[in-house]
file protein-v4.cif (mmCIF, C-alpha atoms)
data_coords
#
loop_
_atom_site.group_PDB
_atom_site.id
_atom_site.type_symbol
_atom_site.label_atom_id
_atom_site.label_comp_id
_atom_site.auth_asym_id
_atom_site.auth_seq_id
_atom_site.Cartn_x
_atom_site.Cartn_y
_atom_site.Cartn_z
ATOM 1 C CA MET Y 1 152.356 129.477 168.155
ATOM 2 C CA ALA Y 2 153.844 132.989 168.142
ATOM 3 C CA TRP Y 3 153.762 132.999 164.315
ATOM 4 C CA LEU Y 4 150.052 132.119 164.355
ATOM 5 C CA PHE Y 5 149.355 134.893 166.846
ATOM 6 C CA GLY Y 6 151.439 137.375 164.833
ATOM 7 C CA SER Y 7 149.750 136.295 161.618
ATOM 8 C CA GLY Y 8 146.356 136.951 163.174
ATOM 9 C CA LEU Y 9 147.466 140.413 164.232
ATOM 10 C CA LEU Y 10 148.679 141.167 160.703
ATOM 11 C CA VAL Y 11 145.328 140.114 159.254
ATOM 12 C CA LEU Y 12 143.558 142.348 161.764
ATOM 13 C CA ALA Y 13 145.926 145.184 160.872
ATOM 14 C CA ALA Y 14 145.379 144.590 157.150
ATOM 15 C CA THR Y 15 141.616 144.752 157.645
ATOM 16 C CA GLN Y 16 141.946 148.038 159.526
ATOM 17 C CA VAL Y 17 144.375 149.438 156.938
ATOM 18 C CA GLN Y 18 142.027 148.377 154.139
ATOM 19 C CA ALA Y 19 139.280 150.433 155.762
ATOM 20 C CA GLN Y 20 141.652 153.430 155.799
ATOM 21 C CA GLY Y 21 142.447 153.111 152.084
ATOM 22 C CA ASN Y 22 146.085 151.895 152.241
ATOM 23 C CA CYS Y 23 145.319 148.960 149.942
ATOM 24 C CA ALA Y 24 145.419 148.391 146.194
ATOM 25 C CA PRO Y 25 145.793 145.549 143.700
ATOM 26 C CA ARG Y 26 149.063 143.695 144.433
ATOM 27 C CA GLN Y 27 150.909 144.695 141.248
ATOM 28 C CA ILE Y 28 150.276 148.395 141.874
ATOM 29 C CA VAL Y 29 151.665 148.125 145.412
ATOM 30 C CA ILE Y 30 154.753 146.188 144.281
ATOM 31 C CA ASP Y 31 155.435 148.676 141.478
ATOM 32 C CA ARG Y 32 155.171 151.635 143.877
ATOM 33 C CA LEU Y 33 157.497 150.014 146.409
ATOM 34 C CA ALA Y 34 160.062 149.287 143.677
ATOM 35 C CA GLU Y 35 159.853 152.622 141.859
ATOM 36 C CA GLY Y 36 159.365 154.895 144.861
ATOM 37 C CA PHE Y 37 161.626 153.242 147.418
ATOM 38 C CA GLY Y 38 163.795 150.712 145.569
ATOM 39 C CA GLU Y 39 162.299 147.924 147.676
ATOM 40 C CA THR Y 40 162.211 144.292 146.579
ATOM 41 C CA ARG Y 41 160.696 141.260 148.276
ATOM 42 C CA GLN Y 42 162.977 139.877 150.978
ATOM 43 C CA SER Y 43 160.703 137.268 152.577
ATOM 44 C CA VAL Y 44 157.261 135.723 152.228
ATOM 45 C CA GLY Y 45 154.977 133.576 154.368
ATOM 46 C CA LEU Y 46 151.477 132.147 154.201
ATOM 47 C CA GLY Y 47 149.086 133.056 157.002
ATOM 48 C CA SER Y 48 146.517 130.712 158.473
ATOM 49 C CA SER Y 49 143.609 132.406 156.695
ATOM 50 C CA GLY Y 50 145.124 132.263 153.205
ATOM 51 C CA GLN Y 51 146.753 135.689 153.315
ATOM 52 C CA VAL Y 52 150.300 136.219 152.044
ATOM 53 C CA VAL Y 53 152.602 138.212 154.329
ATOM 54 C CA GLU Y 54 155.636 139.776 152.631
ATOM 55 C CA VAL Y 55 158.554 141.958 153.649
ATOM 56 C CA PHE Y 56 159.936 144.330 151.007
ATOM 57 C CA ALA Y 57 163.151 146.242 151.650
ATOM 58 C CA SER Y 58 165.917 148.250 150.063
ATOM 59 C CA GLU Y 59 169.414 147.259 151.122
ATOM 60 C CA ALA Y 60 170.665 150.566 149.665
ATOM 61 C CA SER Y 61 168.455 152.888 151.752
ATOM 62 C CA GLY Y 62 167.432 150.548 154.582
ATOM 63 C CA SER Y 63 163.724 151.246 154.094
ATOM 64 C CA TRP Y 64 161.289 148.344 154.597
ATOM 65 C CA THR Y 65 157.570 147.628 154.211
ATOM 66 C CA ILE Y 66 155.396 144.759 155.435
ATOM 67 C CA THR Y 67 152.383 143.916 153.280
ATOM 68 C CA VAL Y 68 149.494 141.491 153.576
ATOM 69 C CA THR Y 69 147.798 140.240 150.427
ATOM 70 C CA LEU Y 70 144.276 139.001 151.036
ATOM 71 C CA PRO Y 71 142.783 136.034 149.148
ATOM 72 C CA ASP Y 72 140.939 138.451 146.822
ATOM 73 C CA GLY Y 73 144.283 139.876 145.593
ATOM 74 C CA THR Y 74 144.104 143.123 147.537
ATOM 75 C CA THR Y 75 147.453 144.093 149.076
ATOM 76 C CA CYS Y 76 147.556 146.288 152.170
ATOM 77 C CA LEU Y 77 150.487 148.166 153.684
ATOM 78 C CA VAL Y 78 150.718 147.094 157.318
ATOM 79 C CA ALA Y 79 153.973 148.666 158.530
ATOM 80 C CA SER Y 80 157.048 150.440 157.210
ATOM 81 C CA GLY Y 81 160.242 151.907 158.545
ATOM 82 C CA GLU Y 82 163.989 152.390 158.282
ATOM 83 C CA GLY Y 83 167.107 150.479 159.237
ATOM 84 C CA PHE Y 84 166.440 147.169 157.487
ATOM 85 C CA GLN Y 85 169.095 144.526 158.062
ATOM 86 C CA ASN Y 86 169.124 141.066 156.524
ATOM 87 C CA LEU Y 87 169.974 138.553 159.263
ATOM 88 C CA ALA Y 88 170.560 134.819 159.271
ATOM 89 C CA GLU Y 89 170.683 133.880 162.935
ATOM 90 C CA ALA Y 90 171.035 130.307 164.092
ATOM 91 C CA LEU Y 91 168.547 128.865 166.550
ATOM 92 C CA PRO Y 92 169.830 128.770 170.119
ATOM 93 C CA ALA Y 93 170.920 125.387 171.431
ATOM 94 C CA PRO Y 94 168.278 123.564 173.505
ATOM 95 C CA GLY Y 95 168.426 124.865 177.062
ATOM 96 C CA ASP Y 96 170.412 127.974 176.051
ATOM 97 C CA PRO Y 97 168.550 131.052 177.380
ATOM 98 C CA ALA Y 98 169.903 133.095 174.409
#
call {"tool": "encode", "arguments": {"input": "protein-v4.cif", "output": "structure tokens"}}
result
Amino acid sequence: MAWLFGSGLLVLAATQVQAQGNCAPRQIVIDRLAEGFGETRQSVGLGSSGQVVEVFASEASGSWTITVTLPDGTTCLVASGEGFQNLAEALPAPGDPA
């Protein structure tokens, strides 16, 4: 349920970002992330409305960017930052408050 809620927020954010002009055709965005920041795709997910949510990051610099690609192929920058870490955490045991 949290993923669905978060996905909806990302779509809303992508729509707002698109209105601000932080969107472009997907290949242009990917090329700029790779050439300008050394970022490559680290994860991908499909949102409930057909949008693709991706995380790009550079393990060398720690920079990261979250993008949302809309069904029409437009990719919008939703968030970015520093300190990226690739984690593989196990789920807590049932009943464990973690």
call {"tool": "atom_distance", "arguments": {"input": "protein-v4.cif", "atom1": "atom CA of Gly62 of chain Y", "atom2": "atom CA of Gly47 of chain Y"}}
result
25.5 Å
call {"tool": "residues_around", "arguments": {"input": "protein-v4.cif", "residues": "Ala79 of chain Y", "least_positions_apart": "4", "cutoff": "8 Å", "atoms": "all atoms listed in the file", "output": "list in words"}}
result
Thr65, Ile66 and Thr67 of chain Y
call {"tool": "atom_distance", "arguments": {"input": "protein-v4.cif", "atom1": "atom CA of Ile30 of chain Y", "atom2": "atom CA of Thr69 of chain Y"}}
result
11.0 Å
call {"tool": "closest_residue", "arguments": {"input": "protein-v4.cif", "among": "Y:Leu87, Y:Ala57, Y:Leu77, Y:Glu82", "to": "Asn22 of chain Y", "atoms": "only C-alpha atoms"}}
result
Y:Leu77
call {"tool": "atom_distance", "arguments": {"input": "protein-v4.cif", "atom1": "atom CA of Ser61 of chain Y", "atom2": "atom CA of Gly38 of chain Y"}}
result
8.0 Å
call {"tool": "closest_residue", "arguments": {"input": "protein-v4.cif", "among": "Y:Thr40, Y:Gln27, Y:Ser58, Y:Ser48", "to": "Gln85 of chain Y", "atoms": "only C-alpha atoms"}}
result
Y:Ser58
call {"tool": "closest_residue", "arguments": {"input": "protein-v4.cif", "among": "Y:Val44, Y:Ala93, Y:Val52, Y:Ala34", "to": "Cys76 of chain Y", "atoms": "all atoms listed in the file"}}
result
Y:Val52
call {"tool": "closest_residue", "arguments": {"input": "protein-v4.cif", "among": "Y:Gly36, Y:Pro94, Y:Pro25, Y:Gly45", "to": "Thr75 of chain Y", "atoms": "all atoms listed in the file"}}
result
Y:Pro25
call {"tool": "residues_around", "arguments": {"input": "protein-v4.cif", "residues": "Trp64 of chain Y", "least_positions_apart": "5", "cutoff": "8 Å", "atoms": "only C-alpha atoms", "output": "list in words"}}
result
Glu39, Val55, Phe56, Ala57, Ser58, Ser80, Gly81, Glu82, Gly83 and Phe84 of chain Y
